[in-house]
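**Q** I'd like to ask some things about the structure below.
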Amino acid sequence: MSTTSHTTADAFERRLSDHPRSDAERAALTAEPAFGVVFTDHMARMTWTVEAGWGERRVEPYGPLLVDPAAAVLHYGQEIFEGLKVYRHADGSLWSFRPWANAARFAASARRLALPELPADDFLGSIEALVAVDGAWVPSAEETSLYLRPFMFASEAFLGVRPARRVDYLLIASPVGPYFAGGVKPVSIWVSEDYHRAGPGGTGAAKCGGNYAASLLPQQEAYSHGCEQVCFLDAATGSLLEELGGMNVMVVQRDGTVVTPALSGTILEGVTRDSVLTLLREGGHEVVERDLPLAEVLDGLRTGAITEVFACGTAAVVTPIGRLAGEGFDLAVNGGQTGAVTAAVRHQLTAIQYGRAADPHGWMHRLA
Ligand SMILES: *Cc1c(COP(=O)(O)O)cnc(C)c1O
């Protein structure tokens, strides 16, 4: 448990909705929420200008924004975002998982996109202020949570190409159910050789909307090959596994060693990735971050030297990969079943997040 106390939440002025959903409406909306469809009654926001810096801290009713048609984000995509969750523990308390890591990554993404850094206290403060008002929206059923989406964009009305002099930060929240209705099931992956997600010196390590825009067409290519997700190779050589559109990837060898692509500057540094690596290391697995050639993975799957492959990220936690396909190959992983290492680390991580296991690393931050 963190003992850090933040008072920045109090700096957010509260303008409460005069038409919040009733308890019955909220119960119905949070009963079986699909991902990112339902939003809570309020949102938190701040505005930055080059003259005044960050200000106008507010929690206000959730609703459409008034955005100038010349706002730079609509033309040049100067935008970043984050994703983290609020978990309800059995005693009703509300917790987030390593929010400081998301605050630090948000600042790093801001630097890459020439956006102003949001101080970590404001990042945390906006979360605390929104959850103080909308905490009842955190669902309590198994594997449910309140997904938080902090984001920042260039709102200055100006068509010249330079960093915007006015930027808006917003935090919205969406109750979400288990990512996979009916339990965790292995997904199929298409390895794209036609498209890349990121290149050397590009924005691959930043969490920006543009990366996702670039992944949509390859994602459609994956669907057209009967696969659910796309996996990207490095742009420089086209031979190394990088990551999925929104999840990091790991392979488990027969001897228990876990290999994941090293953070090369083109891979997003996942909080889940880092947490999973820590838990595996502590569980006695050798953990290796290095280049991971596709050829080595295909070979390992054929010979049995690689026994499991999984993806990890906040939304779906740890997701087994049951099939790896691409131009000229289509291989089952672990007979299409969830592997033991994958299942164990998923179980371990969710037990910490939902307060069913001790938190020796101080990863959990109490919000209410
Ligand atoms: C957000 C994201 C991840 C996962 O990061 P987490 O912090 O674990 O949620 C992985 N890859 C990409 C491209 C992402 O945008």
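Letters for chains follow the order of the structure tokens (A, B, ...), residue numbers begin at 1 for each chain, and ligand numbers begin at 1 in the order shown.
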In region 136-344 of chain A, what's helix (DSSP H, G or I) per DSSP? Answer as a PyMOL selection string?

**A** chain A and resi 136-137+209-224+271-282+294-303+334-336+340-344

**Q** Residues within 8 Å of ligand 1 should be enumerated using only C-alpha atoms and all ligand atoms and returned as number ranges by chain.

**A** A: 82-84, 102, 204-208, 211-212, 243-248, 267-274, 312-315, 317

**Q** Can I get the selected residues back with N, CA and C atoms, as a short mmCIF file (atom, residue, chain, number, x, y, z; two decimals), in the first residue's frame?

**A**
data_model
loop_
_atom_site.label_atom_id
_atom_site.label_comp_id
_atom_site.auth_asym_id
_atom_site.auth_seq_id
_atom_site.Cartn_x
_atom_site.Cartn_y
_atom_site.Cartn_z
N GLU A 82 -3.40 7.54 -22.29
CA GLU A 82 -2.99 6.49 -21.36
C GLU A 82 -4.16 5.55 -21.14
N GLY A 83 -3.92 4.44 -20.49
CA GLY A 83 -4.98 3.50 -20.15
C GLY A 83 -4.61 2.79 -18.86
N LEU A 84 -5.47 2.89 -17.85
CA LEU A 84 -5.26 2.15 -16.59
C LEU A 84 -6.62 1.88 -15.97
N ASN A 102 2.12 5.09 -15.27
CA ASN A 102 1.35 5.69 -16.36
C ASN A 102 1.61 7.19 -16.44
N GLY A 204 7.02 4.96 -32.02
CA GLY A 204 6.59 3.65 -31.50
C GLY A 204 6.59 3.53 -29.99
N ALA A 205 7.50 4.24 -29.32
CA ALA A 205 7.58 4.14 -27.86
C ALA A 205 6.63 5.11 -27.16
N ALA A 206 5.95 5.95 -27.93
CA ALA A 206 4.99 6.89 -27.35
C ALA A 206 3.58 6.33 -27.51
N LYS A 207 2.73 6.62 -26.52
CA LYS A 207 1.34 6.15 -26.64
C LYS A 207 0.54 7.27 -27.30
N CYS A 208 0.55 7.27 -28.63
CA CYS A 208 -0.14 8.32 -29.38
C CYS A 208 -1.16 7.70 -30.32
N ASN A 211 -0.23 6.06 -33.80
CA ASN A 211 0.25 4.67 -33.90
C ASN A 211 -0.92 3.72 -34.13
N TYR A 212 -2.03 4.03 -33.45
CA TYR A 212 -3.21 3.17 -33.59
C TYR A 212 -3.84 3.35 -34.95
N GLU A 243 5.66 -6.25 -31.38
CA GLU A 243 4.51 -6.35 -30.47
C GLU A 243 3.23 -6.35 -31.28
N LEU A 244 2.09 -6.51 -30.59
CA LEU A 244 0.80 -6.42 -31.25
C LEU A 244 0.42 -4.94 -31.34
N GLY A 245 -0.74 -4.64 -31.91
CA GLY A 245 -1.18 -3.26 -32.05
C GLY A 245 -1.26 -2.54 -30.72
N GLY A 246 -1.63 -3.25 -29.66
CA GLY A 246 -1.78 -2.61 -28.35
C GLY A 246 -1.36 -3.49 -27.20
N MET A 247 -0.56 -4.51 -27.45
CA MET A 247 -0.10 -5.40 -26.39
C MET A 247 1.33 -5.85 -26.68
N ASN A 248 2.10 -6.04 -25.62
CA ASN A 248 3.45 -6.60 -25.74
C ASN A 248 3.36 -8.12 -25.86
N ILE A 267 9.18 -0.07 -29.47
CA ILE A 267 8.19 -0.86 -28.73
C ILE A 267 7.64 -0.01 -27.59
N LEU A 268 6.33 -0.16 -27.34
CA LEU A 268 5.71 0.56 -26.22
C LEU A 268 6.08 -0.15 -24.92
N GLU A 269 6.55 0.61 -23.96
CA GLU A 269 6.99 0.05 -22.68
C GLU A 269 5.79 -0.20 -21.79
N GLY A 270 5.21 -1.40 -21.87
CA GLY A 270 3.98 -1.70 -21.15
C GLY A 270 4.21 -1.84 -19.65
N VAL A 271 3.26 -1.30 -18.87
CA VAL A 271 3.30 -1.48 -17.42
C VAL A 271 3.03 -2.95 -17.10
N THR A 272 2.14 -3.57 -17.85
CA THR A 272 1.86 -4.99 -17.66
C THR A 272 3.09 -5.82 -18.00
N ARG A 273 3.76 -5.47 -19.10
CA ARG A 273 4.99 -6.16 -19.49
C ARG A 273 5.98 -6.16 -18.34
N ASP A 274 6.25 -4.99 -17.77
CA ASP A 274 7.22 -4.87 -16.70
C ASP A 274 6.77 -5.66 -15.46
N CYS A 312 0.43 -9.20 -23.51
CA CYS A 312 0.01 -8.58 -22.25
C CYS A 312 -0.17 -7.08 -22.41
N GLY A 313 -1.18 -6.58 -21.68
CA GLY A 313 -1.51 -5.15 -21.68
C GLY A 313 -2.63 -4.93 -20.67
N THR A 314 -2.88 -3.68 -20.33
CA THR A 314 -3.85 -3.38 -19.28
C THR A 314 -5.24 -3.92 -19.59
N ALA A 315 -5.70 -3.70 -20.82
CA ALA A 315 -7.09 -4.04 -21.15
C ALA A 315 -7.37 -5.53 -20.98
N VAL A 317 -5.09 -7.84 -19.83
CA VAL A 317 -4.16 -8.39 -18.83
C VAL A 317 -3.12 -9.30 -19.48
#

**Q** Have a look at CA of Val133 (chain A) and CA of Leu16 (chain A) and let me know their distance in Å, one decimal.

**A**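 Interatomic distance here is 8.3 Å.
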
**Q** Provide the CA of Trp190 (chain A) to CA of Tyr223 (chain A) distance in Å, to one decimal place.

**A**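 Between CA of Trp190 (chain A) and CA of Tyr223 (chain A) the gap works out to 8.3 Å.
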
**Q** Counting only C-alpha atoms, which residues of region 40-85 of chain A sit at most 10 Å from some atom of region 148-153 of chain A, and what is each one's closest atom pair with its distance in Å to one decimal, listed by chain and rising residue number, as JSON lines?

**A**
{"residue": "A:Met43", "atom": "CA", "partner": "A:Pro150", "partner_atom": "CA", "distance": 9.8}
{"residue": "A:Ala44", "atom": "CA", "partner": "A:Pro150", "partner_atom": "CA", "distance": 8.9}
{"residue": "A:Arg45", "atom": "CA", "partner": "A:Pro150", "partner_atom": "CA", "distance": 9.2}
{"residue": "A:Met46", "atom": "CA", "partner": "A:Met152", "partner_atom": "CA", "distance": 9.3}
{"residue": "A:Thr47", "atom": "CA", "partner": "A:Met152", "partner_atom": "CA", "distance": 9.3}
{"residue": "A:Trp48", "atom": "CA", "partner": "A:Met152", "partner_atom": "CA", "distance": 9.9}
{"residue": "A:Ala71", "atom": "CA", "partner": "A:Phe153", "partner_atom": "CA", "distance": 9.1}
{"residue": "A:Ala72", "atom": "CA", "partner": "A:Phe153", "partner_atom": "CA", "distance": 8.4}
{"residue": "A:Val73", "atom": "CA", "partner": "A:Phe153", "partner_atom": "CA", "distance": 6.0}
{"residue": "A:Leu74", "atom": "CA", "partner": "A:Phe153", "partner_atom": "CA", "distance": 9.3}
{"residue": "A:Gly77", "atom": "CA", "partner": "A:Phe153", "partner_atom": "CA", "distance": 8.0}
{"residue": "A:Gln78", "atom": "CA", "partner": "A:Phe153", "partner_atom": "CA", "distance": 5.9}
{"residue": "A:Glu79", "atom": "CA", "partner": "A:Phe153", "partner_atom": "CA", "distance": 4.3}
{"residue": "A:Ile80", "atom": "CA", "partner": "A:Met152", "partner_atom": "CA", "distance": 5.5}
{"residue": "A:Phe81", "atom": "CA", "partner": "A:Phe151", "partner_atom": "CA", "distance": 4.0}
{"residue": "A:Glu82", "atom": "CA", "partner": "A:Pro150", "partner_atom": "CA", "distance": 5.3}
{"residue": "A:Gly83", "atom": "CA", "partner": "A:Arg149", "partner_atom": "CA", "distance": 5.0}
{"residue": "A:Leu84", "atom": "CA", "partner": "A:Leu148", "partner_atom": "CA", "distance": 5.3}
{"residue": "A:Lys85", "atom": "CA", "partner": "A:Leu148", "partner_atom": "CA", "distance": 5.5}

**Q** Limited to C-alpha atoms, could you put the picked residues into a file as a JSON list (two decimals), in the first residue's frame?

**A**
[["chain", "number", "residue", "atom", "x", "y", "z"],
["A", 43, "MET", "CA", -14.91, 13.80, -16.57],
["A", 44, "ALA", "CA", -11.86, 15.63, -15.26],
["A", 45, "ARG", "CA", -10.02, 18.25, -17.29],
["A", 46, "MET", "CA", -7.25, 20.78, -17.38],
["A", 47, "THR", "CA", -6.08, 23.28, -19.96],
["A", 48, "TRP", "CA", -2.57, 24.38, -20.84],
["A", 71, "ALA", "CA", -7.79, 22.66, -33.85],
["A", 72, "ALA", "CA", -4.35, 21.29, -34.69],
["A", 73, "VAL", "CA", -5.15, 17.77, -33.45],
["A", 74, "LEU", "CA", -7.77, 17.36, -36.20],
["A", 77, "GLY", "CA", -2.68, 14.34, -34.89],
["A", 78, "GLN", "CA", -0.79, 15.94, -31.99],
["A", 79, "GLU", "CA", -2.36, 13.69, -29.34],
["A", 80, "ILE", "CA", -1.37, 11.18, -26.63],
["A", 81, "PHE", "CA", -3.28, 8.94, -24.24],
["A", 82, "GLU", "CA", -2.99, 6.49, -21.36],
["A", 83, "GLY", "CA", -4.98, 3.50, -20.15],
["A", 84, "LEU", "CA", -5.26, 2.15, -16.59],
["A", 85, "LYS", "CA", -7.92, 0.62, -14.37]]

**Q** Within region 114-228 of chain A, find each residue whose DSSP state, derived from the backbone, is strand (DSSP E or B), and express the selection as JSON, numbers by chain.

**A** {"A": [145, 146, 147, 148, 149, 150, 151, 152, 153, 154, 157, 166, 167, 168, 169, 170, 171, 172, 173, 174, 175, 176, 187, 188, 189, 190, 191, 192]}

**Q** Pick out the residues sitting within 12 Å of Ser145 (chain A), and hand them over as a PyMOL selection string; count only C-alpha atoms, and ignore anything fewer than 3 positions along from it in its own chain.

**A** chain A and resi 30-36+84-89+94-97+135-142+148+173-179+314-317+350+353-354

**Q** Would you put the residues from that selection into a file with C-alpha atoms, as an mmCIF file, in the first residue's frame?

**A**
data_model
loop_
_atom_site.group_PDB
_atom_site.id
_atom_site.type_symbol
_atom_site.label_atom_id
_atom_site.label_comp_id
_atom_site.auth_asym_id
_atom_site.auth_seq_id
_atom_site.Cartn_x
_atom_site.Cartn_y
_atom_site.Cartn_z
ATOM 1 C CA THR A 30 -22.368 -1.720 -15.289
ATOM 2 C CA ALA A 31 -23.923 -5.213 -15.218
ATOM 3 C CA GLU A 32 -22.259 -6.525 -18.383
ATOM 4 C CA PRO A 33 -20.350 -3.619 -19.873
ATOM 5 C CA ALA A 34 -18.672 -4.045 -23.258
ATOM 6 C CA PHE A 35 -15.245 -2.414 -23.573
ATOM 7 C CA GLY A 36 -15.305 1.384 -23.877
ATOM 8 C CA LEU A 84 -5.259 2.154 -16.594
ATOM 9 C CA LYS A 85 -7.915 0.620 -14.374
ATOM 10 C CA VAL A 86 -9.579 1.103 -10.990
ATOM 11 C CA TYR A 87 -10.263 -2.161 -9.140
ATOM 12 C CA ARG A 88 -12.824 -2.665 -6.359
ATOM 13 C CA HIS A 89 -11.531 -4.894 -3.568
ATOM 14 C CA LEU A 94 -10.937 1.369 -4.729
ATOM 15 C CA TRP A 95 -7.401 0.992 -6.047
ATOM 16 C CA SER A 96 -5.356 1.738 -9.137
ATOM 17 C CA PHE A 97 -2.329 -0.248 -10.308
ATOM 18 C CA GLY A 135 -16.515 5.886 -7.562
ATOM 19 C CA ALA A 136 -19.910 4.179 -7.548
ATOM 20 C CA TRP A 137 -19.265 3.360 -11.227
ATOM 21 C CA VAL A 138 -16.471 0.920 -10.338
ATOM 22 C CA PRO A 139 -18.166 -2.460 -10.785
ATOM 23 C CA SER A 140 -17.674 -5.283 -8.291
ATOM 24 C CA ALA A 141 -18.228 -8.505 -10.287
ATOM 25 C CA GLU A 142 -15.242 -10.738 -10.957
ATOM 26 C CA LEU A 148 -9.520 5.184 -17.090
ATOM 27 C CA ALA A 173 -13.842 6.613 -17.307
ATOM 28 C CA SER A 174 -15.665 3.545 -18.581
ATOM 29 C CA PRO A 175 -16.843 0.509 -16.583
ATOM 30 C CA VAL A 176 -15.528 -2.633 -18.280
ATOM 31 C CA GLY A 177 -16.266 -6.330 -17.900
ATOM 32 C CA PRO A 178 -13.984 -9.302 -18.331
ATOM 33 C CA TYR A 179 -12.213 -8.828 -21.662
ATOM 34 C CA THR A 314 -3.845 -3.376 -19.280
ATOM 35 C CA ALA A 315 -7.094 -4.035 -21.152
ATOM 36 C CA ALA A 316 -6.805 -7.823 -21.569
ATOM 37 C CA VAL A 317 -4.160 -8.387 -18.827
ATOM 38 C CA THR A 350 -4.979 -10.261 -11.169
ATOM 39 C CA GLN A 353 -4.833 -6.095 -8.647
ATOM 40 C CA TYR A 354 -8.055 -7.314 -7.001
#

**Q** Have a look at CA of Phe232 (chain A) and CA of Arg197 (chain A) and let me know their distance in Å, one decimal.

**A**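 Answer for the CA of Phe232 (chain A) to CA of Arg197 (chain A) separation: 6.4 Å.
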
**Q** Using only C-alpha atoms, which of the listed residues (A:Glu128, A:Glu143, A:Glu221, A:Ala235) sits closest to Gly183 (chain A)?

**A**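 Among the listed residues, the smallest separation from Gly183 (chain A) belongs to A:Glu143.
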
**Q** Which residues are close to Arg58 (chain A), i.e. within 12 Å by only C-alpha atoms, leaving aside same-chain residues fewer than 3 positions away? Reply as a PyMOL selection string.

**A** chain A and resi 8-16+42-47+54-55+61-62+122+125-130+133+168-171

**Q** Counting only C-alpha atoms, which residue out of A:Pro64, A:Pro320, A:Pro20, A:Gly199 sits closest to Gln229 (chain A)?

**A**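 Closest candidate: A:Pro320.
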
**Q** Within 12 Å of Glu282 (chain A), counting only C-alpha atoms, which residues show up once you throw out same-chain ones fewer than 5 positions away? Write them as a short mmCIF file (atom, residue, chain, number, x, y, z; two decimals) with N, CA and C atoms, in the first residue's frame, please.

**A**
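The resulting file, result26.cif, is shown below:
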data_model
loop_
_atom_site.label_atom_id
_atom_site.label_comp_id
_atom_site.auth_asym_id
_atom_site.auth_seq_id
_atom_site.Cartn_x
_atom_site.Cartn_y
_atom_site.Cartn_z
N SER A 275 5.48 -5.61 -15.14
CA SER A 275 4.96 -6.31 -13.96
C SER A 275 5.06 -7.83 -14.15
N VAL A 276 4.71 -8.28 -15.35
CA VAL A 276 4.76 -9.72 -15.65
C VAL A 276 6.21 -10.22 -15.59
N LEU A 277 7.14 -9.44 -16.13
CA LEU A 277 8.55 -9.83 -16.09
C LEU A 277 9.02 -9.96 -14.64
N VAL A 287 14.41 -14.61 -17.27
CA VAL A 287 13.71 -13.66 -18.13
C VAL A 287 14.74 -12.94 -18.99
N VAL A 345 0.80 -16.72 -14.40
CA VAL A 345 1.20 -15.33 -14.22
C VAL A 345 -0.01 -14.41 -14.32
N GLN A 348 -1.67 -14.66 -10.94
CA GLN A 348 -0.87 -13.94 -9.93
C GLN A 348 -1.09 -12.43 -10.02
N PRO A 360 3.66 -7.03 -2.44
CA PRO A 360 4.98 -6.78 -1.89
C PRO A 360 5.73 -5.63 -2.57
N HIS A 361 5.32 -5.27 -3.80
CA HIS A 361 6.04 -4.22 -4.53
C HIS A 361 5.45 -2.83 -4.32
#

**Q** Between A:Asp41, A:Thr237, A:Asn334, A:Pro200, which one has atoms that come closest to Leu263 (chain A), using only C-alpha atoms?

**A**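 Closest candidate: A:Pro200.
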